[in-house]
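Colleague: Structure provided below as structure tokens; questions to follow.
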Amino acid sequence: MKKIMFYINTIHYGGAERVMVNLAKYFSEAGYDTSLATSFRDKWEYPLAQTVKRITLEEQEIKQSRLMRNLSRISKLRKICKEEKPDVLVSFMEEPNFRSILATRGLPIKTLVSVRNDPNKEYAGRLGAFVGKVLLPMADGCVFQTKEAQEWFPKKLQKKSRIIYNAVKEEFYHIERKPNRGEIVTCGRLTEQKNHAMLISAFAEVVKQYPYATLKIYGEGALREALQEQIDAAGLSGKAFLMGATNDVGKALQTADLFVLSSDYEGMPNALMEAMAAGVPCISTDCPCGGPRELLGDNARNKLVPCGAVQQLKMKLIEQLESSEAGKAEKKRAELFQPKRVNALWEKYLQEIIDR
């Protein structure tokens, strides 16, 4: 039986974390000896399949300088790898990626890293560039989510990499939509990256023309207070709502008339993919590293607006609210994200790396 270990900092919220938990479940159910390691445990975590062994480097997060934190976690990860002896170690995100590469040097363990965000952000600065251009090509393989992200890295890494989209849970393809007229929905952490402020500004203009429209923002984060102040100042109380985090995104999408992603940058936005799978008409910023553009395909021209372009988003919202489109193009495109297809691509690539 082949043995796979997944590694990420935490499985507390986040799209990359959710993808890894789902992948671990798939491989364990497919007959692989599967474990998932995190740097530390959090108070709330995504539920992990009982067939997946749970490992953690620290029971509680240890506060240290970045240098000491990474040296300590590399040492702990190496010790765990020696004990568990996986055939392949799969990591997501910048710090777990370079820790995996360094922790397995000299060990008979293959490494598969994955870039989950815009490399211009995730691998910024001299240290980031060193990690991305020098350390990552030492891995046995790499999974990217977009062509644009792949092209940022050296040819050495590109040649042994694959582009694999995230999988969307099967349940999203079977949502029975009951859209409320004019209900605009978005899902994402309340952070600067997601730029909900842009969406609220555009919505404030739209609602003057379409007073029946509503905006529901699902997610939590550091900007909750600032965004609520923006809503109140724009006179949108009773029209725009900060709904908080939800474990039932499907229910939120069921009544959505329109889904909007307003991010300044993304890897492969799960929230947009889930909305597409549910057949909800979608609008997105054309954010780096090209995820929404790739996801929407031929339909992208009619669905994208530049990052930060409030007036263009306003016009696109109005255009969509006046449209009778039912999201058929999005749902058809979402066939690319079917779990069976995506999981098969991951399994085939992992087997190639193990067999090299």
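In the structure tokens, the first chain shown is A, the next is B, and so on; residue numbers restart at 1 for each chain, and ligands run from 1 in the order shown.
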Within 10 Å of stretch 186-208 of chain A, which residues of stretch 247-345 of chain A show up? Give each one with its shortest atom-to-atom distance in Å (one decimal) and the two atoms involved, counting only C-alpha atoms, rows by chain then rising residue number, as a tab-separated table.
Modeller:
```
residue	atom	partner	partner_atom	distance
A:Val249	CA	A:Cys187	CA	8.0
A:Ala252	CA	A:Cys187	CA	8.9
A:Leu253	CA	A:Thr186	CA	8.9
A:Ala256	CA	A:Thr186	CA	9.2
A:Leu258	CA	A:Thr186	CA	8.7
A:Phe259	CA	A:Thr186	CA	5.7
A:Val260	CA	A:Thr186	CA	5.4
A:Leu261	CA	A:Thr186	CA	6.3
A:Ser262	CA	A:Asn195	CA	5.7
A:Ser263	CA	A:Lys194	CA	4.0
A:Asp264	CA	A:Gln193	CA	5.4
A:Tyr265	CA	A:Gln193	CA	6.3
A:Glu266	CA	A:Gln193	CA	8.0
A:Pro269	CA	A:Gly188	CA	9.3
A:Asn270	CA	A:Gly188	CA	9.4
A:Ala271	CA	A:Cys187	CA	6.1
A:Leu272	CA	A:Cys187	CA	8.5
A:Ala275	CA	A:Thr186	CA	9.3
A:Cys282	CA	A:Thr186	CA	9.9
A:Cys307	CA	A:Met198	CA	9.0
A:Gly308	CA	A:Met198	CA	6.3
A:Ala309	CA	A:Met198	CA	7.7
A:Val310	CA	A:Ala202	CA	5.3
A:Gln311	CA	A:Ala202	CA	6.6
A:Gln312	CA	A:Ala202	CA	8.5
A:Leu313	CA	A:Ala202	CA	6.2
A:Lys314	CA	A:Ala202	CA	4.7
A:Met315	CA	A:Val206	CA	8.2
A:Lys316	CA	A:Ala202	CA	9.6
A:Leu317	CA	A:Val206	CA	7.3
A:Ile318	CA	A:Val206	CA	6.6
A:Leu321	CA	A:Val206	CA	9.5
```
Colleague: Taking into account only C-alpha atoms, which residue in the set A:Gly221, A:Gly327, A:Gly182, A:Gly290 is nearest to A:Lys239?
Modeller: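 Among the listed residues, A:Gly182 lies closest to A:Lys239.
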Colleague: Applying 6 Å and only C-alpha atoms, which residues near A:Lys331 remain after dropping the ones on its own chain fewer than 4 positions away? List them as a list in words.
Modeller: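 After dropping sequence-adjacent residues, the list is Met276, Ala277 and Gly279 of chain A.
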Colleague: Mind dumping the selected residues with N, CA and C atoms as a short mmCIF file (atom, residue, chain, number, x, y, z; two decimals), in the first residue's frame?
Modeller:
```cif
data_model
loop_
_atom_site.label_atom_id
_atom_site.label_comp_id
_atom_site.auth_asym_id
_atom_site.auth_seq_id
_atom_site.Cartn_x
_atom_site.Cartn_y
_atom_site.Cartn_z
N MET A 276 -20.39 28.62 -9.72
CA MET A 276 -20.54 28.16 -11.10
C MET A 276 -21.17 26.77 -11.13
N ALA A 277 -20.70 25.88 -10.25
CA ALA A 277 -21.24 24.51 -10.20
C ALA A 277 -22.73 24.52 -9.85
N GLY A 279 -24.74 26.77 -10.78
CA GLY A 279 -25.46 27.40 -11.88
C GLY A 279 -25.87 28.83 -11.60
#
```
Colleague: Mind listing the strand (DSSP E or B) residues of stretch 122-279 of chain A, per DSSP on the backbone, as a list in words?
Modeller: Gly141, Cys142, Val143, Phe144, Ser161, Arg162, Ile163, Glu183, Ile184, Val185, Thr186, Cys187, Thr214, Leu215, Lys216, Ile217, Tyr218, Gly219, Ala240, Phe241, Leu242, Met243, Gly244, Leu258, Phe259, Val260 and Leu261 of chain A
Colleague: Please dump the current selection as a short mmCIF file (atom, residue, chain, number, x, y, z; two decimals), in the first residue's frame; keep C-alpha atoms.
Modeller:
```cif
data_model
loop_
_atom_site.label_atom_id
_atom_site.label_comp_id
_atom_site.auth_asym_id
_atom_site.auth_seq_id
_atom_site.Cartn_x
_atom_site.Cartn_y
_atom_site.Cartn_z
CA GLY A 141 6.76 17.78 -8.71
CA CYS A 142 4.46 20.77 -8.37
CA VAL A 143 0.75 21.39 -8.87
CA PHE A 144 -0.29 24.82 -10.13
CA SER A 161 4.62 20.25 -12.98
CA ARG A 162 0.91 19.94 -13.75
CA ILE A 163 -2.00 22.38 -13.78
CA GLU A 183 -30.01 38.99 -4.35
CA ILE A 184 -26.26 39.44 -4.83
CA VAL A 185 -24.02 37.07 -2.87
CA THR A 186 -20.29 36.82 -2.23
CA CYS A 187 -18.25 34.52 0.01
CA THR A 214 -29.75 43.14 -1.72
CA LEU A 215 -26.14 42.22 -0.98
CA LYS A 216 -25.12 39.35 1.31
CA ILE A 217 -21.45 38.99 2.23
CA TYR A 218 -20.52 35.66 3.85
CA GLY A 219 -17.26 35.46 5.77
CA ALA A 240 -26.30 45.06 2.51
CA PHE A 241 -25.57 42.44 5.17
CA LEU A 242 -22.42 40.96 6.71
CA MET A 243 -23.70 37.44 7.21
CA GLY A 244 -20.70 36.01 9.07
CA LEU A 258 -25.95 36.68 -8.81
CA PHE A 259 -22.53 35.81 -7.39
CA VAL A 260 -19.69 38.36 -7.34
CA LEU A 261 -15.97 37.89 -6.65
#
```
Colleague: Check the smallest atom-to-atom distance from each of A:Lys76, A:Arg356, A:Arg18, A:Arg177 to A:Pro281 using only C-alpha atoms, then report the winner.
Modeller: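 Going through A:Lys76, A:Arg356, A:Arg18, A:Arg177 one by one, the smallest distance to A:Pro281 is for A:Arg177.
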Colleague: Using only C-alpha atoms, determine which residues lie at most 10 Å from A:Glu176, disregarding the query and same-chain residues fewer than 4 positions distant; provide the list as a ChimeraX atom specification.
Modeller: /A:172,250-251,253-255,278-279
Colleague: Could you turn the residues from that selection into a file that holds N, CA and C atoms, as a short mmCIF file (atom, residue, chain, number, x, y, z; two decimals), in the first residue's frame?
Modeller:
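Output below, filename part03.cif:
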```
data_model
loop_
_atom_site.label_atom_id
_atom_site.label_comp_id
_atom_site.auth_asym_id
_atom_site.auth_seq_id
_atom_site.Cartn_x
_atom_site.Cartn_y
_atom_site.Cartn_z
N PHE A 172 -22.73 20.62 -4.80
CA PHE A 172 -22.98 21.92 -5.41
C PHE A 172 -23.61 21.78 -6.80
N GLY A 250 -23.70 26.12 0.21
CA GLY A 250 -24.74 25.71 -0.73
C GLY A 250 -26.06 26.39 -0.46
N LYS A 251 -26.42 26.51 0.81
CA LYS A 251 -27.66 27.17 1.18
C LYS A 251 -27.62 28.65 0.82
N LEU A 253 -25.94 29.93 -1.66
CA LEU A 253 -26.01 30.05 -3.11
C LEU A 253 -27.41 29.73 -3.65
N GLN A 254 -28.18 28.97 -2.89
CA GLN A 254 -29.49 28.53 -3.35
C GLN A 254 -30.41 29.70 -3.70
N THR A 255 -30.33 30.77 -2.92
CA THR A 255 -31.22 31.92 -3.15
C THR A 255 -30.54 33.06 -3.90
N ALA A 278 -23.13 25.49 -9.04
CA ALA A 278 -24.55 25.61 -8.66
C ALA A 278 -25.38 26.25 -9.76
N GLY A 279 -24.74 26.77 -10.78
CA GLY A 279 -25.46 27.40 -11.88
C GLY A 279 -25.87 28.83 -11.60
#
```
Colleague: Write out as number ranges by chain all residues of stretch 159-228 of chain A that backbone DSSP assigns to helix (DSSP H, G or I).
Modeller: A: 159, 170-174, 192-194, 196-209, 224-228
Colleague: Please produce a file of the residues just selected, as a PDB file, in the first residue's frame, where the atoms kept are N, CA and C atoms.
Modeller:
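Here's the written file part.pdb:
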```
ATOM      1  N   LYS A 159       8.572  22.094 -16.162  1.00  0.00           N
ATOM      2  CA  LYS A 159       8.612  20.863 -16.956  1.00  0.00           C
ATOM      3  C   LYS A 159       8.105  19.654 -16.191  1.00  0.00           C
ATOM      4  N   GLU A 170     -19.557  17.402  -5.002  1.00  0.00           N
ATOM      5  CA  GLU A 170     -20.657  16.974  -5.859  1.00  0.00           C
ATOM      6  C   GLU A 170     -21.972  17.652  -5.488  1.00  0.00           C
ATOM      7  N   GLU A 171     -22.150  17.938  -4.197  1.00  0.00           N
ATOM      8  CA  GLU A 171     -23.424  18.511  -3.734  1.00  0.00           C
ATOM      9  C   GLU A 171     -23.745  19.847  -4.401  1.00  0.00           C
ATOM     10  N   PHE A 172     -22.728  20.616  -4.798  1.00  0.00           N
ATOM     11  CA  PHE A 172     -22.977  21.918  -5.411  1.00  0.00           C
ATOM     12  C   PHE A 172     -23.611  21.777  -6.799  1.00  0.00           C
ATOM     13  N   TYR A 173     -23.357  20.656  -7.456  1.00  0.00           N
ATOM     14  CA  TYR A 173     -23.920  20.430  -8.793  1.00  0.00           C
ATOM     15  C   TYR A 173     -25.403  20.076  -8.737  1.00  0.00           C
ATOM     16  N   HIS A 174     -25.890  19.771  -7.535  1.00  0.00           N
ATOM     17  CA  HIS A 174     -27.281  19.320  -7.400  1.00  0.00           C
ATOM     18  C   HIS A 174     -28.135  20.294  -6.597  1.00  0.00           C
ATOM     19  N   GLU A 192      -8.345  42.579   3.058  1.00  0.00           N
ATOM     20  CA  GLU A 192      -8.086  43.504   1.952  1.00  0.00           C
ATOM     21  C   GLU A 192      -8.013  42.773   0.624  1.00  0.00           C
ATOM     22  N   GLN A 193      -7.473  41.560   0.616  1.00  0.00           N
ATOM     23  CA  GLN A 193      -7.356  40.787  -0.621  1.00  0.00           C
ATOM     24  C   GLN A 193      -8.703  40.632  -1.320  1.00  0.00           C
ATOM     25  N   LYS A 194      -9.750  40.391  -0.550  1.00  0.00           N
ATOM     26  CA  LYS A 194     -11.072  40.122  -1.128  1.00  0.00           C
ATOM     27  C   LYS A 194     -11.771  41.399  -1.600  1.00  0.00           C
ATOM     28  N   HIS A 196     -13.972  43.591  -0.482  1.00  0.00           N
ATOM     29  CA  HIS A 196     -15.417  43.738  -0.374  1.00  0.00           C
ATOM     30  C   HIS A 196     -15.831  45.211  -0.419  1.00  0.00           C
ATOM     31  N   ALA A 197     -14.905  46.105  -0.040  1.00  0.00           N
ATOM     32  CA  ALA A 197     -15.212  47.540  -0.068  1.00  0.00           C
ATOM     33  C   ALA A 197     -15.569  47.992  -1.475  1.00  0.00           C
ATOM     34  N   MET A 198     -14.896  47.429  -2.471  1.00  0.00           N
ATOM     35  CA  MET A 198     -15.188  47.745  -3.873  1.00  0.00           C
ATOM     36  C   MET A 198     -16.619  47.318  -4.226  1.00  0.00           C
ATOM     37  N   LEU A 199     -16.988  46.127  -3.807  1.00  0.00           N
ATOM     38  CA  LEU A 199     -18.320  45.603  -4.109  1.00  0.00           C
ATOM     39  C   LEU A 199     -19.397  46.439  -3.414  1.00  0.00           C
ATOM     40  N   ILE A 200     -19.165  46.826  -2.172  1.00  0.00           N
ATOM     41  CA  ILE A 200     -20.141  47.643  -1.444  1.00  0.00           C
ATOM     42  C   ILE A 200     -20.311  48.996  -2.132  1.00  0.00           C
ATOM     43  N   SER A 201     -19.196  49.577  -2.581  1.00  0.00           N
ATOM     44  CA  SER A 201     -19.257  50.879  -3.273  1.00  0.00           C
ATOM     45  C   SER A 201     -20.069  50.780  -4.554  1.00  0.00           C
ATOM     46  N   ALA A 202     -19.839  49.720  -5.327  1.00  0.00           N
ATOM     47  CA  ALA A 202     -20.579  49.531  -6.578  1.00  0.00           C
ATOM     48  C   ALA A 202     -22.058  49.266  -6.289  1.00  0.00           C
ATOM     49  N   PHE A 203     -22.319  48.459  -5.274  1.00  0.00           N
ATOM     50  CA  PHE A 203     -23.702  48.133  -4.909  1.00  0.00           C
ATOM     51  C   PHE A 203     -24.458  49.381  -4.463  1.00  0.00           C
ATOM     52  N   ALA A 204     -23.790  50.296  -3.776  1.00  0.00           N
ATOM     53  CA  ALA A 204     -24.437  51.529  -3.313  1.00  0.00           C
ATOM     54  C   ALA A 204     -24.999  52.336  -4.483  1.00  0.00           C
ATOM     55  N   GLU A 205     -24.335  52.244  -5.629  1.00  0.00           N
ATOM     56  CA  GLU A 205     -24.816  52.921  -6.839  1.00  0.00           C
ATOM     57  C   GLU A 205     -25.929  52.136  -7.502  1.00  0.00           C
ATOM     58  N   VAL A 206     -25.794  50.825  -7.515  1.00  0.00           N
ATOM     59  CA  VAL A 206     -26.782  49.962  -8.162  1.00  0.00           C
ATOM     60  C   VAL A 206     -28.145  50.062  -7.478  1.00  0.00           C
ATOM     61  N   VAL A 207     -28.134  50.085  -6.147  1.00  0.00           N
ATOM     62  CA  VAL A 207     -29.386  50.062  -5.398  1.00  0.00           C
ATOM     63  C   VAL A 207     -30.219  51.328  -5.608  1.00  0.00           C
ATOM     64  N   LYS A 208     -29.571  52.407  -6.053  1.00  0.00           N
ATOM     65  CA  LYS A 208     -30.325  53.631  -6.375  1.00  0.00           C
ATOM     66  C   LYS A 208     -31.246  53.399  -7.562  1.00  0.00           C
ATOM     67  N   GLN A 209     -30.803  52.536  -8.478  1.00  0.00           N
ATOM     68  CA  GLN A 209     -31.576  52.239  -9.673  1.00  0.00           C
ATOM     69  C   GLN A 209     -32.473  51.018  -9.471  1.00  0.00           C
ATOM     70  N   ARG A 224     -14.270  43.414   9.421  1.00  0.00           N
ATOM     71  CA  ARG A 224     -15.727  43.426   9.657  1.00  0.00           C
ATOM     72  C   ARG A 224     -16.209  44.804  10.113  1.00  0.00           C
ATOM     73  N   GLU A 225     -15.558  45.382  11.079  1.00  0.00           N
ATOM     74  CA  GLU A 225     -15.995  46.670  11.619  1.00  0.00           C
ATOM     75  C   GLU A 225     -15.925  47.767  10.566  1.00  0.00           C
ATOM     76  N   ALA A 226     -14.828  47.799   9.809  1.00  0.00           N
ATOM     77  CA  ALA A 226     -14.663  48.819   8.777  1.00  0.00           C
ATOM     78  C   ALA A 226     -15.715  48.683   7.686  1.00  0.00           C
ATOM     79  N   LEU A 227     -16.007  47.452   7.292  1.00  0.00           N
ATOM     80  CA  LEU A 227     -17.005  47.224   6.248  1.00  0.00           C
ATOM     81  C   LEU A 227     -18.410  47.582   6.739  1.00  0.00           C
ATOM     82  N   GLN A 228     -18.694  47.284   7.996  1.00  0.00           N
ATOM     83  CA  GLN A 228     -19.995  47.660   8.547  1.00  0.00           C
ATOM     84  C   GLN A 228     -20.147  49.173   8.594  1.00  0.00           C
TER      85      GLN A 228
END
```
Colleague: Looking at only C-alpha atoms, which of A:Val131, A:Leu36, A:Val305, A:Leu223 is the one that sits closest to A:Ile11?
Modeller: A:Leu36
Colleague: Using only C-alpha atoms, pick whichever of A:Glu325, A:Asp286, A:Glu319, A:Glu122 has the shortest atom-to-atom distance to A:Pro306.
Modeller: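 When distances to A:Pro306 are compared using only C-alpha atoms, the smallest one comes from A:Asp286.
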Colleague: Under the rule that only C-alpha atoms are counted, which of A:Lys169, A:Arg41, A:Arg66, A:Lys110 is the nearest residue to A:Glu95?
Modeller: A:Arg66
Colleague: Restricting the calculation to only C-alpha atoms: of A:Leu112, A:Val52, A:Ala245, A:Ala149, which residue gets closest to A:Tyr349?
Modeller: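 Looking only at the distances to A:Tyr349, the closest residue turns out to be A:Leu112.
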Colleague: Quick one: residues within 12 Å of A:Arg99, only C-alpha atoms, excluding same-chain residues fewer than 6 positions away - as an MDAnalysis selection string?
Modeller: chainID A and resid 7:9 38:39 67 69:78 81 89:93 105 111:113 131 135:136 138:139
Colleague: Kindly give the distance, in Å, that separates atom CA of A:Ile4 and atom CA of A:Ala30, rounded to a single decimal.
Modeller: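 Separating atom CA of A:Ile4 from atom CA of A:Ala30 is a distance of 11.7 Å.
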Colleague: Have a look at atom CA of A:Gly15 and atom CA of A:Val115 and let me know their distance in Å, one decimal.
Modeller: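 Atom-to-atom, atom CA of A:Gly15 and atom CA of A:Val115 are spaced 12.4 Å apart.
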